[in-house]
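Reviewing the structure listed below.
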Number of protein chains: 2
Amino acid sequence: MTELFKVATVCEARRIIWEECIRQQKIETVPLLEALGRRTAKEILAGDNLPGFTRSTMDGFAVRARDTFGASESLPAYLEIAGEVLMGKEPLGRLEAGKAWRIATGGMLPQGADAVVMVEYTENLDEDTIGVIRPVAPGENLILKGEDVVSGSPVLQPGNRIKAQDLGVLAAAGVTAVEVFCKTRVGIISTGDEIVSPDQKPPPGKVRDINSYSLFGAIIEAGGKPVQYGIAGDDFQRIYGLLALALEDNDIVLLTGGSSVGTKDMAVQAIGSLGKPGVLFHGLAIRPGKPAVGAVVSGKPVFGLPGHPASALVVFYLLIDPLIRLGSYPNEDEDFLEFPICARITRNLRSAPGRDDFVQVRLVNVEGELCAEPVLGKSGLISTLVKANGLARIPAGKEGVQAGEIVRIRLF
Amino acid sequence: MTELFKVATVCEARRIIWEECIRQQKIETVPLLEALGRRTAKEILAGDNLPGFTRSTMDGFAVRARDTFGASESLPAYLEIAGEVLMGKEPLGRLEAGKAWRIATGGMLPQGADAVVMVEYTENLDEDTIGVIRPVAPGENLILKGEDVVSGSPVLQPGNRIKAQDLGVLAAAGVTAVEVFCKTRVGIISTGDEIVSPDQKPPPGKVRDINSYSLFGAIIEAGGKPVQYGIAGDDFQRIYGLLALALEDNDIVLLTGGSSVGTKDMAVQAIGSLGKPGVLFHGLAIRPGKPAVGAVVSGKPVFGLPGHPASALVVFYLLIDPLIRLGSYPNEDEDFLEFPICARITRNLRSAPGRDDFVQVRLVNVEGELCAEPVLGKSGLISTLVKANGLARIPAGKEGVQAGEIVRIRLF
């Protein structure tokens, strides 16, 4: 039995959407250099040991550690230089007792050696002899074969979003093609009789489409593939037709645009007519963003977003961004990463209890301390979106914040 | 006269690189939907007023404010419903004294009206009459023509990295093609006789290339265009030849790979032979990352990066990332955004005074508080790079941090 929330908290909204979702993420294989930002579809195992041989981490001399025991500046251990490890080559022969081989950082430890003495702790007696002035323990200044990654053990977990350093780690493991989830496809439909395309000069009474462009960008930033379906106006049949089309070809569908009651009602009706379970909540306990609508149809999430540009983005970041970025909603003990930055708010802000408030802020440095200046203005303004570079969250439990309090922020 | 620093602080390194840089950023025009993440090359001006007409921000009734003065629940102001504003249409006719027109959020205010009464503050007496139970001031619940952006005023400043919401703002202003700086091209050359390509199975003594892959990713994340020039080995002529080639075709060149003294010396010599002013510092007062080399040749920055993967990334984030992302280095009062996250470190960490230390950390939620667990391990390990999701900075002025202290972090 599906619950219908008239007004849901963000937590409830996530739970009820997620319960009805049937995520079917297709998998594709991409070359390593195209894998940045993609999510791994499977655990990736190391095919070899990393490193594949025991390596020196310092420039110096490969030795038998016990030949250095007790060495000091006053009583150095004298060792004969019996060889040199060439970079990229396997050392030929074996290090004998009382001998040392020159070795550079990254060089392969010769057989018989079990440690490296840093060049700083040696002195040259003559061309063939060094004095070691500090003892080394077995294993010192080495990375052992397989110490970094053991052959067959996981290099990356499934579902990881591949970062810059992960590309390096995959390269190290010899992975030149990566199985990743196909990008989440997100269809965007604009509604509202007052909306015209940005390439048109709007006649009196009309305005250009904003939301399907800012959402387009936000979907790409989250790692998804946005697909614009154009402007449906306030025509029920056209909205319904585009919704059905977008639902067929996408993993998530967003309906956005008009913010009048009439348009909103039509959007809810159209979403509700698409299929089961349909609309799950109608209204979110947040500001801005209250008029959001959440639905699932045939296992796919469909959202009706508020018409005000800032409101639409707030709802996007809370309910849609994680589905694209993480493939699910974060656990409650991980959601701190959604608003990871702490800053001191520079003025008092009121908020009503029982709802999360989101305030556009500008992060500034005040005498070495990170502060957040609220960027205030009437709701529906877009110039504030350019001035702000952060979005501060005032949780439902608080009745506003005082100037000087720490607030949590996501970059915006 | 160019200074040569043997070991430079990050601040000095930035200053001396920047002083010798001659940045020649080409400009191209891209369609709006391809502009995300690009940097605007010029100020972008609004061609029209935004909004182009005075709009209602609420669902309700357009009125003359003075007709509502003194209204209250016990003494409503009675107004005749004389018309309706249709979404997207210019209202025909003029609102007369004592009359009200229905209007929805986003609707165009009719002539004669100067405010909107929210529907919540009206009662229906009959089909043609409302009672207003709260007065409105002139201008209330309206966004005035040009209030958001005045025609001819700047929408975006030059040099801005275009964010999701900026796409929306540009769409609103009718900007369908954007003049942006061409992506900063960054050439990457690997050195070191021990390095083989990731598609090869390394024989004993050799390892696969890591850095040119992690740097490839980091360059894309910063908004640049990476170009790989392959592996030069430890062959001076080949290193020099690839450097000259990469310098010709790129804005910045990175030399990376081998970390042995021999390789490093060869890299420095090759960079120094390229042209004037040449090497500007040799060594950075940071850990990891000390063996970094900074140079400028013919106005273009050239960096020799340490061979250890984490070290190379630290130097990249400090010295190269801002050049790509911002086109310059941040002012000292803006650099807090480079390490914007505050978290409590979970264990004591030592650091030497006089150098900035950077520690890989894993951000975790400990009883509702954001904490940073150091991910420790021998330098040169790559498995730590996968476990960490943050990089904590311990500034030069401090001799380590105590468990429980707040440290500043960038996501990693």
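If you're wondering about the labels, chains in the structure tokens are A, B, ... by order shown, residues count from 1 in each chain, ligands from 1 in order shown.
For B:Gly107, the non-local neighbours within 10 Å, defined as residues at least 2 positions apart in the same chain or in other chains and counting only C-alpha atoms, are Glu194, Gly205, Lys206, Ser259 and Ser260 of chain A; Phe53, Thr54, Arg55, Ser56, Thr57, Met58, Asp59, Ala62, Glu84, Val85, Leu86, Met87, Gly88, Lys89, Glu90, Pro91, Arg102, Ile103, Ala104, Thr105, Leu109, Pro110 and Leu142 of chain B.
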> Can you list, as a list of chain:residue names, every protein, DNA or RNA residue that comes within 9 Å of B:Ile286 when you count only C-alpha atoms, leaving out same-chain residues fewer than 2 positions away?
Replying inline: B:Thr9, B:Val10, B:Gly283, B:Leu284, B:Pro288, B:Gly289, B:Lys290, B:Val315, B:Gly354, B:Arg355, B:Asp356, B:Asp357, B:Phe358, B:Ala396
> Within 12 Å of B:Pro226, counting only C-alpha atoms, which residues qualify if same-chain residues fewer than 6 places away don't, as a PyMOL selection string?
Replying inline: (chain A and resi 33-34) or (chain B and resi 183-189+212-220+246+249-254+324)
Taking the DSSP assignment computed from this structure's backbone, write out as a tab-separated table (two decimals) with C-alpha atoms, in the first residue's frame all residues of stretch 170-405 of chain B that belong to strand (DSSP E).
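Dumped everything to selection-v7.tsv:
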chain	number	residue	atom	x	y	z
B	177	ALA	CA	25.84	31.43	-27.70
B	178	VAL	CA	28.59	32.39	-25.27
B	179	GLU	CA	32.08	33.75	-25.84
B	180	VAL	CA	34.33	31.67	-23.61
B	181	PHE	CA	38.06	31.20	-23.20
B	185	ARG	CA	45.63	22.93	-23.00
B	186	VAL	CA	47.97	21.01	-20.73
B	187	GLY	CA	50.60	18.68	-22.16
B	188	ILE	CA	51.69	15.70	-20.05
B	189	ILE	CA	55.01	13.93	-20.57
B	190	SER	CA	56.04	10.85	-18.58
B	191	THR	CA	59.69	10.21	-17.80
B	195	ILE	CA	57.64	3.35	-16.69
B	196	VAL	CA	55.56	1.37	-19.18
B	207	VAL	CA	55.81	-0.33	-13.36
B	208	ARG	CA	52.88	1.11	-15.26
B	225	LYS	CA	42.15	19.91	-21.98
B	226	PRO	CA	44.84	17.30	-21.27
B	227	VAL	CA	47.12	16.06	-24.03
B	228	GLN	CA	49.28	13.00	-23.34
B	229	TYR	CA	52.69	12.91	-25.03
B	230	GLY	CA	53.64	9.39	-23.94
B	231	ILE	CA	56.64	8.08	-22.05
B	252	ILE	CA	51.04	24.55	-19.72
B	253	VAL	CA	53.39	21.55	-19.79
B	254	LEU	CA	53.79	18.93	-17.07
B	255	LEU	CA	56.73	16.57	-16.84
B	256	THR	CA	56.08	13.63	-14.56
B	257	GLY	CA	57.09	10.12	-13.78
B	277	PRO	CA	63.52	32.55	-18.12
B	278	GLY	CA	63.67	28.79	-17.43
B	279	VAL	CA	63.66	27.17	-14.00
B	280	LEU	CA	62.38	29.51	-11.27
B	281	PHE	CA	62.28	27.23	-8.28
B	282	HIS	CA	63.58	23.80	-7.55
B	286	ILE	CA	55.58	21.25	1.24
B	287	ARG	CA	55.20	17.58	2.08
B	293	VAL	CA	60.27	22.11	-10.20
B	294	GLY	CA	58.66	25.27	-11.56
B	295	ALA	CA	59.69	27.05	-14.73
B	296	VAL	CA	58.36	29.46	-17.31
B	297	VAL	CA	59.49	29.22	-20.91
B	300	LYS	CA	54.24	29.39	-20.55
B	301	PRO	CA	54.46	27.55	-17.22
B	302	VAL	CA	56.33	24.23	-17.23
B	303	PHE	CA	56.31	22.04	-14.14
B	304	GLY	CA	58.38	19.05	-13.16
B	341	ILE	CA	35.85	22.16	4.44
B	342	CYS	CA	36.49	22.19	8.17
B	343	ALA	CA	36.66	18.87	10.01
B	344	ARG	CA	38.02	17.56	13.29
B	345	ILE	CA	41.13	15.46	12.83
B	356	ASP	CA	52.85	23.07	4.54
B	357	ASP	CA	51.91	19.45	5.15
B	358	PHE	CA	49.12	17.73	3.24
B	359	VAL	CA	47.54	14.61	4.64
B	360	GLN	CA	45.15	12.29	2.85
B	361	VAL	CA	42.04	11.88	4.98
B	362	ARG	CA	38.74	10.09	4.91
B	363	LEU	CA	35.81	12.28	5.92
B	364	VAL	CA	33.50	10.48	8.32
B	365	ASN	CA	30.53	11.37	10.43
B	366	VAL	CA	31.26	10.80	14.12
B	369	GLU	CA	30.23	15.84	13.56
B	370	LEU	CA	32.37	15.91	10.44
B	371	CYS	CA	35.70	14.26	11.23
B	372	ALA	CA	38.79	13.57	9.18
B	373	GLU	CA	40.56	10.24	9.65
B	374	PRO	CA	44.13	10.36	8.31
B	390	GLY	CA	39.92	14.56	1.26
B	391	LEU	CA	43.25	16.32	1.50
B	392	ALA	CA	43.90	18.16	4.77
B	393	ARG	CA	46.30	21.11	4.97
B	394	ILE	CA	48.49	21.67	7.99
Residues at most 12 Å from A:Thr40, counting only C-alpha atoms, excluding those fewer than 2 positions away in the same chain, as a short mmCIF file (atom, residue, chain, number, x, y, z; two decimals) with C-alpha atoms, in the first residue's frame?
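And here is the file that came out, result39.cif:
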data_model
loop_
_atom_site.label_atom_id
_atom_site.label_comp_id
_atom_site.auth_asym_id
_atom_site.auth_seq_id
_atom_site.Cartn_x
_atom_site.Cartn_y
_atom_site.Cartn_z
CA GLN A 25 21.12 0.76 -14.67
CA LYS A 26 22.59 -0.46 -17.92
CA ILE A 27 26.32 -1.09 -18.12
CA GLU A 28 28.78 -0.07 -20.81
CA THR A 29 32.54 -0.39 -21.22
CA VAL A 30 34.51 2.81 -21.78
CA LEU A 32 40.12 4.41 -19.25
CA ALA A 35 35.99 6.97 -17.36
CA LEU A 36 36.42 10.12 -15.24
CA GLY A 37 33.26 10.89 -13.29
CA ARG A 38 31.57 7.65 -14.31
CA LYS A 42 31.47 -3.90 -10.87
CA GLU A 43 34.23 -4.46 -8.39
CA ILE A 44 37.54 -4.02 -10.21
CA LEU A 45 40.20 -6.53 -9.21
CA VAL A 155 41.13 -1.91 -6.60
CA LEU A 156 37.78 -0.09 -6.76
CA GLN A 157 34.41 -0.97 -5.25
CA PRO A 158 31.31 -1.00 -7.44
CA GLY A 159 29.30 2.23 -7.56
CA ASN A 160 32.38 4.43 -7.01
CA ARG A 161 32.43 7.65 -8.95
CA ILE A 162 35.82 7.55 -10.67
CA LYS A 163 38.05 10.43 -9.51
CA ASP A 166 41.29 6.51 -9.48
CA LEU A 167 42.30 6.85 -13.13
CA LEU A 170 43.32 1.84 -12.63
CA ALA A 177 38.76 -0.23 -20.22
CA VAL A 178 36.25 0.13 -17.41
CA GLU A 179 32.76 -1.26 -16.99
CA VAL A 180 30.65 1.67 -15.83
CA PHE A 181 26.96 2.36 -15.40
CA CYS A 182 25.46 4.15 -18.37
CA LYS A 183 24.83 7.80 -17.55
CA ARG A 325 25.55 11.10 -8.56
CA LEU A 326 25.34 8.13 -6.18
CA GLY A 327 22.66 5.99 -7.80
#
>> If I take atom CA of B:Arg66 and atom CA of B:Ile130, how far is one from the other in Å, to one decimal?
In response: 15.6 Å
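Residue neighbourhood of B:Glu120, excluding near-sequence residues (fewer than 2 positions): Met58, Asp59, Gly60, Phe61, Glu73, Val116, Val117, Met118, Thr122, Glu123, Asn124, Ile130, Gly131, Val132, Ile133 and Arg134 of chain B, at 12 Å, using only C-alpha atoms.
Distances here use only C-alpha atoms; by that measure, the residue among B:Lys378, B:Arg350, B:Lys6, B:Arg15 closest to chain A is B:Lys378.
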> How would you write, as a PyMOL selection string, the set of residues in stretch 182-367 of chain A that DSSP gives as helix (DSSP H, G or I)?
Replying inline: chain A and resi 211-221+236-249+261-274+309-325+335-338
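Straight-line separation from atom CA of B:Gly224 to atom CA of B:Val375: 28.8 Å.
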>> Give me the residues near stretch 95-99 of chain B as an MDAnalysis selection string, where near means some atom within 7 Å (using only C-alpha atoms) and where sequence neighbours in that chain fewer than 3 positions away do not count.
In response: chainID B and resid 63:64 67 79:82 110:113
Selected residues written out with N, CA and C atoms, as a PDB file, in the first residue's frame:
ATOM      1  N   VAL B  63      -4.611  44.613  -7.848  1.00  0.00           N
ATOM      2  CA  VAL B  63      -5.459  45.685  -7.288  1.00  0.00           C
ATOM      3  C   VAL B  63      -4.709  47.014  -7.310  1.00  0.00           C
ATOM      4  N   ARG B  64      -5.414  48.082  -6.978  1.00  0.00           N
ATOM      5  CA  ARG B  64      -4.768  49.345  -6.612  1.00  0.00           C
ATOM      6  C   ARG B  64      -4.565  49.284  -5.101  1.00  0.00           C
ATOM      7  N   ASP B  67      -6.876  50.944  -2.622  1.00  0.00           N
ATOM      8  CA  ASP B  67      -8.226  50.411  -2.420  1.00  0.00           C
ATOM      9  C   ASP B  67      -8.278  49.394  -1.285  1.00  0.00           C
ATOM     10  N   LEU B  79     -14.071  44.477  -3.430  1.00  0.00           N
ATOM     11  CA  LEU B  79     -13.642  44.847  -4.789  1.00  0.00           C
ATOM     12  C   LEU B  79     -14.376  43.962  -5.788  1.00  0.00           C
ATOM     13  N   GLU B  80     -14.715  44.553  -6.916  1.00  0.00           N
ATOM     14  CA  GLU B  80     -15.415  43.802  -7.959  1.00  0.00           C
ATOM     15  C   GLU B  80     -14.392  43.101  -8.853  1.00  0.00           C
ATOM     16  N   ILE B  81     -14.596  41.825  -9.121  1.00  0.00           N
ATOM     17  CA  ILE B  81     -13.704  41.087 -10.030  1.00  0.00           C
ATOM     18  C   ILE B  81     -14.055  41.490 -11.450  1.00  0.00           C
ATOM     19  N   ALA B  82     -13.159  42.244 -12.075  1.00  0.00           N
ATOM     20  CA  ALA B  82     -13.486  42.862 -13.370  1.00  0.00           C
ATOM     21  C   ALA B  82     -12.696  42.245 -14.520  1.00  0.00           C
ATOM     22  N   PRO B 110      -1.835  44.163 -14.827  1.00  0.00           N
ATOM     23  CA  PRO B 110      -2.569  45.043 -15.745  1.00  0.00           C
ATOM     24  C   PRO B 110      -2.279  46.517 -15.449  1.00  0.00           C
ATOM     25  N   GLN B 111      -2.429  47.334 -16.452  1.00  0.00           N
ATOM     26  CA  GLN B 111      -2.293  48.775 -16.238  1.00  0.00           C
ATOM     27  C   GLN B 111      -3.316  49.228 -15.207  1.00  0.00           C
ATOM     28  N   GLY B 112      -2.911  50.205 -14.395  1.00  0.00           N
ATOM     29  CA  GLY B 112      -3.804  50.716 -13.355  1.00  0.00           C
ATOM     30  C   GLY B 112      -3.590  50.033 -12.024  1.00  0.00           C
ATOM     31  N   ALA B 113      -3.126  48.765 -12.042  1.00  0.00           N
ATOM     32  CA  ALA B 113      -2.857  48.049 -10.786  1.00  0.00           C
ATOM     33  C   ALA B 113      -1.451  48.374 -10.307  1.00  0.00           C
TER      34      ALA B 113
END
